[in-house]
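J.: I'm passing along upload_22.csv; it holds CSV, C-alpha atoms.
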chain,number,residue,atom,x,y,z
N,1,MET,CA,168.6,76.5,93.5
N,2,ALA,CA,165.6,77.1,91.2
N,3,GLY,CA,165.8,76.1,87.6
N,4,LYS,CA,164.3,73.9,84.9
N,5,GLY,CA,164.7,70.2,84.8
N,6,LEU,CA,167.3,68.4,82.7
N,7,ILE,CA,167.0,66.4,79.5
N,8,VAL,CA,169.9,63.9,79.6
N,9,SER,CA,170.6,61.5,76.7
N,10,VAL,CA,172.9,58.6,77.2
N,11,SER,CA,174.1,56.9,74.0
N,12,GLY,CA,176.9,54.7,72.9
N,13,PRO,CA,177.8,51.8,70.6
N,14,SER,CA,176.1,48.4,70.7
N,15,GLY,CA,177.6,46.3,73.5
N,16,VAL,CA,179.0,49.2,75.6
N,17,GLY,CA,176.7,48.4,78.5
N,18,LYS,CA,174.4,51.4,78.2
N,19,GLY,CA,171.3,49.4,79.4
N,20,THR,CA,173.0,48.4,82.6
N,21,ILE,CA,174.2,52.0,83.2
N,22,LEU,CA,170.7,53.4,82.6
N,23,GLU,CA,169.2,50.9,85.0
N,24,ALA,CA,171.7,51.8,87.7
N,25,ILE,CA,171.0,55.5,87.3
N,26,ARG,CA,167.2,55.0,87.5
N,27,LYS,CA,167.7,52.9,90.7
N,28,ARG,CA,169.8,55.6,92.2
N,29,TYR,CA,167.6,58.4,91.0
N,30,PRO,CA,164.1,57.0,90.8
N,31,GLU,CA,162.4,60.5,90.4
N,32,CYS,CA,164.1,60.8,87.0
N,33,LYS,CA,161.4,60.4,84.3
N,34,GLN,CA,161.6,58.5,81.0
N,35,SER,CA,160.3,59.7,77.7
N,36,ILE,CA,156.8,58.6,76.5
N,37,SER,CA,156.8,57.5,72.8
N,38,VAL,CA,154.2,58.5,70.3
N,39,THR,CA,152.7,55.5,68.4
N,40,THR,CA,150.2,54.9,65.7
N,41,ARG,CA,149.1,51.5,67.1
N,42,ALA,CA,145.7,51.4,68.9
N,43,PRO,CA,145.7,51.5,72.7
N,44,ARG,CA,145.3,48.1,74.4
N,45,GLY,CA,143.4,47.3,77.6
N,46,THR,CA,143.7,50.1,80.1
N,47,GLU,CA,146.4,52.0,78.2
N,48,GLN,CA,145.9,55.8,78.3
N,49,ASP,CA,147.0,58.5,76.0
N,50,GLY,CA,150.0,60.3,77.6
N,51,VAL,CA,150.7,57.5,80.1
N,52,GLU,CA,152.0,54.4,78.2
N,53,TYR,CA,152.1,56.2,74.9
N,54,TYR,CA,150.8,59.2,73.0
N,55,PHE,CA,148.3,57.5,70.6
N,56,ARG,CA,148.0,59.3,67.3
N,57,THR,CA,146.7,58.5,63.8
N,58,ARG,CA,149.1,57.8,61.0
N,59,GLU,CA,148.3,61.2,59.5
N,60,GLN,CA,149.0,63.0,62.8
N,61,PHE,CA,152.3,61.1,63.2
N,62,GLU,CA,153.4,62.1,59.7
N,63,GLN,CA,152.5,65.7,60.5
N,64,LEU,CA,154.7,65.5,63.6
N,65,LEU,CA,157.5,64.1,61.5
N,66,ALA,CA,157.1,66.9,58.9
N,67,ASP,CA,157.2,69.4,61.7
N,68,GLY,CA,160.6,68.1,62.9
N,69,GLU,CA,158.9,67.1,66.2
N,70,ILE,CA,160.1,63.5,66.2
N,71,LEU,CA,163.7,63.0,67.3
N,72,GLU,CA,163.8,59.4,66.0
N,73,TYR,CA,161.3,56.8,65.0
N,74,ASP,CA,160.9,53.3,63.8
N,75,GLU,CA,158.3,51.2,62.1
N,76,TYR,CA,157.3,47.9,63.7
N,77,VAL,CA,154.5,45.6,62.5
N,78,GLY,CA,153.1,48.3,60.4
N,79,ASN,CA,153.0,51.0,63.2
N,80,TYR,CA,155.2,54.0,63.9
N,81,TYR,CA,156.9,54.5,67.2
N,82,GLY,CA,158.7,57.8,67.8
N,83,THR,CA,160.3,60.0,70.4
N,84,PRO,CA,158.6,63.5,70.4
N,85,LEU,CA,160.4,66.6,71.5
N,86,THR,CA,157.8,69.0,72.9
N,87,PRO,CA,156.6,66.8,75.8
N,88,LEU,CA,160.2,66.5,77.0
N,89,ILE,CA,160.6,70.3,77.0
N,90,LYS,CA,157.3,70.7,78.8
N,91,ALA,CA,158.3,68.2,81.4
N,92,THR,CA,161.5,70.1,82.1
N,93,GLU,CA,159.6,73.3,82.4
N,94,ALA,CA,157.6,71.7,85.1
N,95,GLY,CA,160.9,70.8,86.8
N,96,ASP,CA,161.2,67.2,85.9
N,97,ASP,CA,164.4,65.6,84.9
N,98,ILE,CA,164.2,63.2,81.9
N,99,LEU,CA,166.7,60.4,81.2
N,100,LEU,CA,166.6,59.4,77.5
N,101,ASP,CA,167.6,56.0,76.1
N,102,ILE,CA,167.7,57.0,72.4
N,103,THR,CA,170.1,56.3,69.5
N,104,ILE,CA,173.1,58.4,68.6
N,105,ALA,CA,171.3,60.0,65.6
N,106,GLY,CA,168.3,60.8,67.9
N,107,THR,CA,170.6,62.5,70.4
N,108,LEU,CA,172.2,64.6,67.7
N,109,ALA,CA,168.8,65.6,66.5
N,110,LEU,CA,167.9,66.5,70.1
N,111,GLU,CA,171.0,68.7,70.5
N,112,GLU,CA,170.3,70.5,67.3
N,113,LYS,CA,166.7,71.4,68.3
N,114,TYR,CA,167.4,71.9,72.1
N,115,PRO,CA,171.0,72.7,72.8
N,116,LEU,CA,170.4,72.7,76.6
N,117,ALA,CA,170.0,69.0,76.4
N,118,ILE,CA,172.9,67.1,77.9
N,119,SER,CA,174.4,64.5,75.6
N,120,ILE,CA,176.6,61.8,77.1
N,121,PHE,CA,178.5,59.2,75.0
N,122,ILE,CA,179.5,56.0,76.7
N,123,LEU,CA,182.8,54.6,75.5
N,124,PRO,CA,184.3,51.1,76.0
N,125,PRO,CA,187.7,51.0,77.7
N,126,SER,CA,189.0,49.6,74.4
N,127,PHE,CA,187.8,47.9,71.2
N,128,GLU,CA,189.2,44.6,72.6
N,129,GLN,CA,186.9,44.8,75.6
N,130,LEU,CA,184.0,45.8,73.4
N,131,ALA,CA,184.6,42.7,71.3
N,132,GLU,CA,184.8,40.6,74.5
N,133,ARG,CA,181.5,41.9,75.7
N,134,LEU,CA,179.8,41.2,72.4
N,135,LYS,CA,181.2,37.6,72.4
N,136,GLY,CA,180.3,37.2,76.0
N,137,ARG,CA,176.6,37.4,75.2
N,138,GLY,CA,177.2,34.0,73.6
N,139,THR,CA,174.2,34.4,71.3
N,140,GLU,CA,175.8,35.8,68.2
N,141,THR,CA,177.8,34.3,65.4
N,142,ASP,CA,181.3,35.4,64.6
N,143,GLU,CA,180.1,37.0,61.5
N,144,LEU,CA,177.5,39.1,63.4
N,145,ILE,CA,180.1,40.1,66.0
N,146,LYS,CA,182.4,41.3,63.3
N,147,MET,CA,179.6,43.3,61.7
N,148,ARG,CA,178.7,44.8,65.1
N,149,MET,CA,182.4,45.8,65.8
N,150,GLU,CA,182.6,47.5,62.4
N,151,LYS,CA,179.4,49.4,63.2
N,152,ALA,CA,180.7,50.3,66.7
N,153,LYS,CA,183.9,51.6,65.3
N,154,GLU,CA,181.9,53.9,63.1
N,155,GLU,CA,179.5,54.9,65.8
N,156,ILE,CA,182.3,55.8,68.2
N,157,LEU,CA,183.5,58.5,65.9
N,158,SER,CA,180.3,60.4,66.8
N,159,ALA,CA,181.6,60.9,70.4
N,160,LYS,CA,183.1,64.2,69.4
N,161,LYS,CA,179.6,65.7,68.8
N,162,PHE,CA,178.6,64.9,72.4
N,163,ASP,CA,178.9,67.2,75.5
N,164,TYR,CA,180.4,64.5,77.7
N,165,VAL,CA,182.2,61.2,77.3
N,166,VAL,CA,182.1,58.5,80.0
N,167,VAL,CA,184.3,55.4,79.8
N,168,ASN,CA,182.5,52.3,81.0
N,169,ASP,CA,185.5,50.7,82.7
N,170,ASN,CA,183.7,50.2,86.0
N,171,LEU,CA,179.9,50.4,86.3
N,172,GLU,CA,179.9,52.3,89.7
N,173,GLU,CA,182.4,54.9,88.4
N,174,ALA,CA,180.5,55.4,85.1
N,175,VAL,CA,177.2,55.9,87.1
N,176,ASP,CA,179.0,58.3,89.6
N,177,ASN,CA,180.2,60.3,86.6
N,178,ILE,CA,176.8,60.6,85.1
N,179,VAL,CA,175.2,61.6,88.4
N,180,ALA,CA,177.9,64.3,88.9
N,181,ILE,CA,177.3,65.6,85.4
N,182,MET,CA,173.6,66.1,86.2
N,183,LYS,CA,174.4,67.8,89.5
N,184,ALA,CA,177.0,70.1,87.8
N,185,GLU,CA,174.7,70.9,84.9
N,186,ARG,CA,172.1,72.2,87.4
N,187,CYS,CA,174.7,74.8,88.5
N,188,ARG,CA,175.6,76.0,85.0
N,189,TYR,CA,174.9,79.7,84.8
N,190,GLU,CA,173.0,79.3,81.5
N,191,ARG,CA,170.4,77.2,83.4
N,192,ASN,CA,170.1,79.9,86.1
N,193,GLU,CA,170.1,83.0,84.0
N,194,GLY,CA,169.2,86.1,85.9
N,195,ILE,CA,169.6,84.4,89.3
N,196,GLU,CA,171.9,87.2,90.4
N,197,LYS,CA,169.0,89.7,90.0
N,198,THR,CA,166.5,87.6,92.1
N,199,LEU,CA,168.4,87.7,95.5
T,1,MET,CA,190.0,58.6,81.7
T,2,ALA,CA,193.2,60.4,80.7
T,3,GLY,CA,193.2,64.1,80.4
T,4,LYS,CA,194.8,67.3,81.7
T,5,GLY,CA,194.2,68.6,85.2
T,6,LEU,CA,191.6,71.3,86.0
T,7,ILE,CA,192.0,74.9,86.9
T,8,VAL,CA,189.1,75.8,89.1
T,9,SER,CA,188.5,79.3,90.4
T,10,VAL,CA,186.0,79.9,93.2
T,11,SER,CA,184.9,83.6,93.6
T,12,GLY,CA,182.1,85.5,95.2
T,13,PRO,CA,181.2,88.6,97.1
T,14,SER,CA,182.7,89.5,100.5
T,15,GLY,CA,180.9,87.6,103.3
T,16,VAL,CA,179.5,84.8,101.1
T,17,GLY,CA,181.6,82.1,102.9
T,18,LYS,CA,184.1,81.4,100.2
T,19,GLY,CA,186.9,80.8,102.6
T,20,THR,CA,185.0,78.1,104.5
T,21,ILE,CA,184.0,76.4,101.2
T,22,LEU,CA,187.5,76.4,99.9
T,23,GLU,CA,188.8,74.9,103.2
T,24,ALA,CA,186.1,72.2,103.0
T,25,ILE,CA,187.0,71.3,99.4
T,26,ARG,CA,190.7,71.1,100.3
T,27,LYS,CA,189.9,68.8,103.2
T,28,ARG,CA,187.8,66.5,100.9
T,29,TYR,CA,190.3,66.7,98.1
T,30,PRO,CA,193.7,67.1,99.5
T,31,GLU,CA,195.6,66.3,96.3
T,32,CYS,CA,194.2,69.6,94.8
T,33,LYS,CA,197.0,72.1,94.5
T,34,GLN,CA,197.0,75.9,95.2
T,35,SER,CA,198.6,78.5,93.1
T,36,ILE,CA,202.0,79.8,93.9
T,37,SER,CA,202.2,83.6,93.9
T,38,VAL,CA,205.1,85.6,92.3
T,39,THR,CA,206.5,88.3,94.6
T,40,THR,CA,209.2,91.0,94.5
T,41,ARG,CA,210.0,90.6,98.2
T,42,ALA,CA,213.2,88.8,99.1
T,43,PRO,CA,213.1,85.1,100.2
T,44,ARG,CA,213.1,84.6,104.0
T,45,GLY,CA,214.8,81.8,105.9
T,46,THR,CA,214.5,78.5,104.0
T,47,GLU,CA,212.0,79.8,101.4
T,48,GLN,CA,212.7,78.5,98.0
T,49,ASP,CA,211.8,79.8,94.6
T,50,GLY,CA,208.8,77.9,93.2
T,51,VAL,CA,207.9,76.5,96.5
T,52,GLU,CA,206.5,79.3,98.8
T,53,TYR,CA,206.7,81.9,96.0
T,54,TYR,CA,208.3,82.7,92.7
T,55,PHE,CA,210.9,85.3,93.7
T,56,ARG,CA,211.4,87.9,91.0
T,57,THR,CA,212.9,91.4,90.7
T,58,ARG,CA,210.7,94.4,90.3
T,59,GLU,CA,211.7,94.7,86.7
T,60,GLN,CA,210.9,91.0,86.0
T,61,PHE,CA,207.5,91.4,87.7
T,62,GLU,CA,206.7,94.4,85.6
T,63,GLN,CA,207.7,92.5,82.5
T,64,LEU,CA,205.3,89.7,83.5
T,65,LEU,CA,202.6,92.3,84.0
T,66,ALA,CA,203.3,93.8,80.6
T,67,ASP,CA,203.1,90.3,79.0
T,68,GLY,CA,199.6,89.8,80.4
T,69,GLU,CA,201.1,86.9,82.5
T,70,ILE,CA,199.7,88.1,85.9
T,71,LEU,CA,195.9,87.4,86.5
T,72,GLU,CA,195.7,89.8,89.4
T,73,TYR,CA,198.2,91.5,91.7
T,74,ASP,CA,198.5,93.7,94.7
T,75,GLU,CA,201.2,95.9,96.3
T,76,TYR,CA,201.9,95.4,100.0
T,77,VAL,CA,204.6,97.2,102.0
T,78,GLY,CA,206.3,98.2,98.8
T,79,ASN,CA,206.3,94.7,97.2
T,80,TYR,CA,204.2,93.2,94.5
T,81,TYR,CA,202.3,89.9,94.9
T,82,GLY,CA,200.6,88.4,91.9
T,83,THR,CA,199.1,85.3,90.5
T,84,PRO,CA,200.9,84.1,87.3
T,85,LEU,CA,199.1,82.1,84.6
T,86,THR,CA,201.8,80.0,83.0
T,87,PRO,CA,202.7,77.9,86.0
T,88,LEU,CA,199.0,77.0,86.4
T,89,ILE,CA,198.7,75.8,82.8
T,90,LYS,CA,202.0,73.8,83.2
T,91,ALA,CA,200.7,72.2,86.4
T,92,THR,CA,197.5,71.1,84.6
T,93,GLU,CA,199.5,69.7,81.8
T,94,ALA,CA,201.3,67.5,84.3
T,95,GLY,CA,197.9,66.3,85.4
T,96,ASP,CA,197.5,68.4,88.6
T,97,ASP,CA,194.2,70.0,89.6
T,98,ILE,CA,194.5,73.6,90.8
T,99,LEU,CA,192.0,75.3,93.1
T,100,LEU,CA,192.3,79.0,92.9
T,101,ASP,CA,191.2,81.6,95.5
T,102,ILE,CA,191.3,84.8,93.5
T,103,THR,CA,189.1,87.9,93.0
T,104,ILE,CA,186.3,88.2,90.6
T,105,ALA,CA,188.4,90.3,88.3
T,106,GLY,CA,191.2,87.8,88.4
T,107,THR,CA,188.8,85.0,87.4
T,108,LEU,CA,187.5,87.0,84.5
T,109,ALA,CA,191.1,87.6,83.4
T,110,LEU,CA,191.8,83.9,83.7
T,111,GLU,CA,188.7,82.9,81.6
T,112,GLU,CA,189.8,85.3,78.9
T,113,LYS,CA,193.3,83.9,78.7
T,114,TYR,CA,192.4,80.3,79.3
T,115,PRO,CA,188.8,79.4,78.5
T,116,LEU,CA,189.1,75.8,79.7
T,117,ALA,CA,189.4,77.2,83.3
T,118,ILE,CA,186.3,76.5,85.4
T,119,SER,CA,184.8,79.6,87.0
T,120,ILE,CA,182.4,79.1,89.9
T,121,PHE,CA,180.6,82.0,91.5
T,122,ILE,CA,179.3,81.6,95.1
T,123,LEU,CA,176.0,83.3,95.7
T,124,PRO,CA,174.4,84.0,99.1
T,125,PRO,CA,170.8,82.6,99.5
T,126,SER,CA,169.6,86.3,99.8
T,127,PHE,CA,171.0,89.8,100.4
T,128,GLU,CA,169.4,89.6,103.9
T,129,GLN,CA,171.5,86.6,104.8
T,130,LEU,CA,174.6,88.2,103.3
T,131,ALA,CA,174.0,91.2,105.6
T,132,GLU,CA,173.4,88.9,108.6
T,133,ARG,CA,176.8,87.2,107.9
T,134,LEU,CA,178.6,90.5,107.6
T,135,LYS,CA,177.0,91.7,110.9
T,136,GLY,CA,177.7,88.3,112.5
T,137,ARG,CA,181.5,88.9,112.3
T,138,GLY,CA,180.8,91.5,114.9
T,139,THR,CA,184.0,93.4,114.1
T,140,GLU,CA,182.7,96.0,111.7
T,141,THR,CA,180.8,99.2,112.0
T,142,ASP,CA,177.3,99.7,110.5
T,143,GLU,CA,178.8,102.1,108.0
T,144,LEU,CA,181.4,99.6,106.9
T,145,ILE,CA,178.7,96.8,106.6
T,146,LYS,CA,176.6,99.1,104.5
T,147,MET,CA,179.6,99.8,102.2
T,148,ARG,CA,180.3,96.1,101.9
T,149,MET,CA,176.7,95.4,101.0
T,150,GLU,CA,176.8,98.0,98.3
T,151,LYS,CA,180.0,96.4,96.9
T,152,ALA,CA,178.5,92.9,97.2
T,153,LYS,CA,175.4,94.0,95.2
T,154,GLU,CA,177.7,95.3,92.5
T,155,GLU,CA,180.0,92.2,92.6
T,156,ILE,CA,177.1,89.8,92.3
T,157,LEU,CA,176.1,91.2,88.9
T,158,SER,CA,179.3,89.5,87.6
T,159,ALA,CA,177.8,86.1,88.2
T,160,LYS,CA,176.6,86.0,84.7
T,161,LYS,CA,180.1,85.9,83.4
T,162,PHE,CA,180.9,82.7,85.3
T,163,ASP,CA,180.5,79.1,84.1
T,164,TYR,CA,178.7,78.0,87.2
T,165,VAL,CA,176.8,79.5,90.1
T,166,VAL,CA,176.6,77.7,93.5
T,167,VAL,CA,174.3,79.0,96.2
T,168,ASN,CA,175.8,78.8,99.7
T,169,ASP,CA,172.7,77.9,101.5
T,170,ASN,CA,174.2,74.9,103.2
T,171,LEU,CA,178.0,74.3,103.3
T,172,GLU,CA,177.8,70.5,102.6
T,173,GLU,CA,175.6,71.0,99.6
T,174,ALA,CA,177.7,73.8,98.2
T,175,VAL,CA,180.8,71.6,98.5
T,176,ASP,CA,179.0,68.6,97.0
T,177,ASN,CA,178.1,70.8,94.0
T,178,ILE,CA,181.7,72.0,93.5
T,179,VAL,CA,183.1,68.4,93.7
T,180,ALA,CA,180.4,67.3,91.2
T,181,ILE,CA,181.4,70.2,88.9
T,182,MET,CA,185.0,69.0,88.9
T,183,LYS,CA,184.0,65.4,88.3
T,184,ALA,CA,181.7,66.4,85.4
T,185,GLU,CA,184.2,68.7,83.8
T,186,ARG,CA,186.7,65.9,83.6
T,187,CYS,CA,184.2,64.1,81.3
T,188,ARG,CA,183.6,67.1,79.0
T,189,TYR,CA,184.4,66.1,75.4
T,190,GLU,CA,186.5,69.2,74.9
T,191,ARG,CA,188.9,68.0,77.7
T,192,ASN,CA,189.1,64.5,76.1
T,193,GLU,CA,189.4,65.6,72.5
T,194,GLY,CA,190.3,62.7,70.2
T,195,ILE,CA,189.7,60.0,72.8
T,196,GLU,CA,187.5,58.2,70.3
T,197,LYS,CA,190.5,57.6,68.1
T,198,THR,CA,192.7,56.2,70.9
T,199,LEU,CA,190.6,53.1,71.8
Output the file's structure as structure tokens, nothing else.
T.:
Amino acid sequence: MAGKGLIVSVSGPSGVGKGTILEAIRKRYPECKQSISVTTRAPRGTEQDGVEYYFRTREQFEQLLADGEILEYDEYVGNYYGTPLTPLIKATEAGDDILLDITIAGTLALEEKYPLAISIFILPPSFEQLAERLKGRGTETDELIKMRMEKAKEEILSAKKFDYVVVNDNLEEAVDNIVAIMKAERCRYERNEGIEKTL
Amino acid sequence: MAGKGLIVSVSGPSGVGKGTILEAIRKRYPECKQSISVTTRAPRGTEQDGVEYYFRTREQFEQLLADGEILEYDEYVGNYYGTPLTPLIKATEAGDDILLDITIAGTLALEEKYPLAISIFILPPSFEQLAERLKGRGTETDELIKMRMEKAKEEILSAKKFDYVVVNDNLEEAVDNIVAIMKAERCRYERNEGIEKTL
């Protein structure tokens, strides 16, 4: 079936296992692309514009921000790093699927600007299990874990703004669900508008 | 993930291979239920109300029709046969998934009354292939095939009112797509409303 590529954003609270899920999806589906960030830092070595990053001046970046072109951004050691929208849409028009690893706020900005984007929220099976996972890392103080849990509880309330919720009870099952969501979304009539007239 | 069962309706034009697809899905997913029709004919042998059919009087059936309770119906040898809505919704509330084999008009009536229903339209890869399949049956005259093709062309325009379109180019692929649609739909936030508050 013909049709444009998909933009899929997978988000969730800290500690929910999003990184492991994304890694498993990329392994199962290696042709899925990632987004390329735009940055104000200078290219290093053999880095090329549009490959590792889009390299822009500070003024250009601020213009992109003003144009609502940046879904989310951060400043790190004096340089901006952001996720631009237009290259994602262009990639899907060329038929590519994009799997995004962005924040909850970034996903909500994406949905607002491009409602065909697919937003998936990963939920922990329970708060207890989320706390266990945060403790399991073994690198954080009790105080920090408590703060993260408070933050996670707040973040989880955003689930209702997402298209899909996937409970990360079992890694294989969570990945199966996300792969099924991508397969199903390709069949949605709105992604195949007018197909009945092309037979 | 907790949640209600699904009502899935698979429709398409005559000759598209819907029967074979439904059979394959039922084989792969035997716990999926079918709808039970309501009829005005008398029970035979060991037939029980609510098992083979819901047995109703003509007056009761006409009341169900007047109440908008019948998605589609037909009259055969002086008796009504119809697909009632409420038992489907009750079954999904008990957690059952229902796979419906109803007409295009019946599916559109279902979507209107119960928007959470999942409507899938099966498309042929091309009109030529649809004509070939109709001829392939070998039981129909050229005139009848021509009439069926005209009807199919008209029916196919309804695809735009469906949630999903699945091209029946390859049986396995079409079935995979429908199974993925069911899996994905179980993850839609609207089917899991409030889940973020239950953790």
J.: Contacts from chain T to chain N, 10 Å maximum, all atoms listed in the file: show me the residue list as a VMD selection string.
T.: chain T and resid 1 120 to 121 123 to 130 153 155 to 169 176 to 199
J.: Distance CA of Leu100 (chain T)-CA of Ile118 (chain N), one decimal place?
T.: 27.3 Å
J.: CA of Asp97 (chain T) and CA of Pro30 (chain T), how far apart in Å?
T.: 10.3 Å
J.: May I ask for the distance between CA of Ile98 (chain T) and CA of Lys33 (chain T), given in Å to one decimal place?
T.: 4.7 Å
J.: Compare N:Ile104, N:Gln48, N:Thr141, N:Lys135 by their minimum atom-to-atom distance to Gly15 (chain N), counting only C-alpha atoms, and give me the closest one.
T.: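 Distance minimum relative to Gly15 (chain N) lands on N:Lys135.
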J.: Have a look at T:Val77, T:Ile145, T:Leu6, T:Ile122 and name the one nearest to Thr39 (chain T); count all atoms listed in the file.
T.: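 Selected residue with least distance to Thr39 (chain T): T:Val77.
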J.: Every residue with an atom at most 8 Å from (198.7, 78.3, 93.3) (file coordinates; all atoms listed in the file) is what I'm after, so could you write them as a PyMOL selection string?
T.: chain T and resi 33-37+83+88+98-100
J.: Set the distance at 10 Å and use all atoms listed in the file: which residues neighbour Thr86 (chain N) once local chain neighbours fewer than 5 positions away are removed? I'd like the list as a short mmCIF file (atom, residue, chain, number, x, y, z; two decimals) with C-alpha atoms, in the coordinates of the input.
T.:
data_model
loop_
_atom_site.label_atom_id
_atom_site.label_comp_id
_atom_site.auth_asym_id
_atom_site.auth_seq_id
_atom_site.Cartn_x
_atom_site.Cartn_y
_atom_site.Cartn_z
CA GLU N 69 158.90 67.10 66.20
CA ILE N 70 160.10 63.50 66.20
CA ALA N 91 158.30 68.20 81.40
CA THR N 92 161.50 70.10 82.10
#
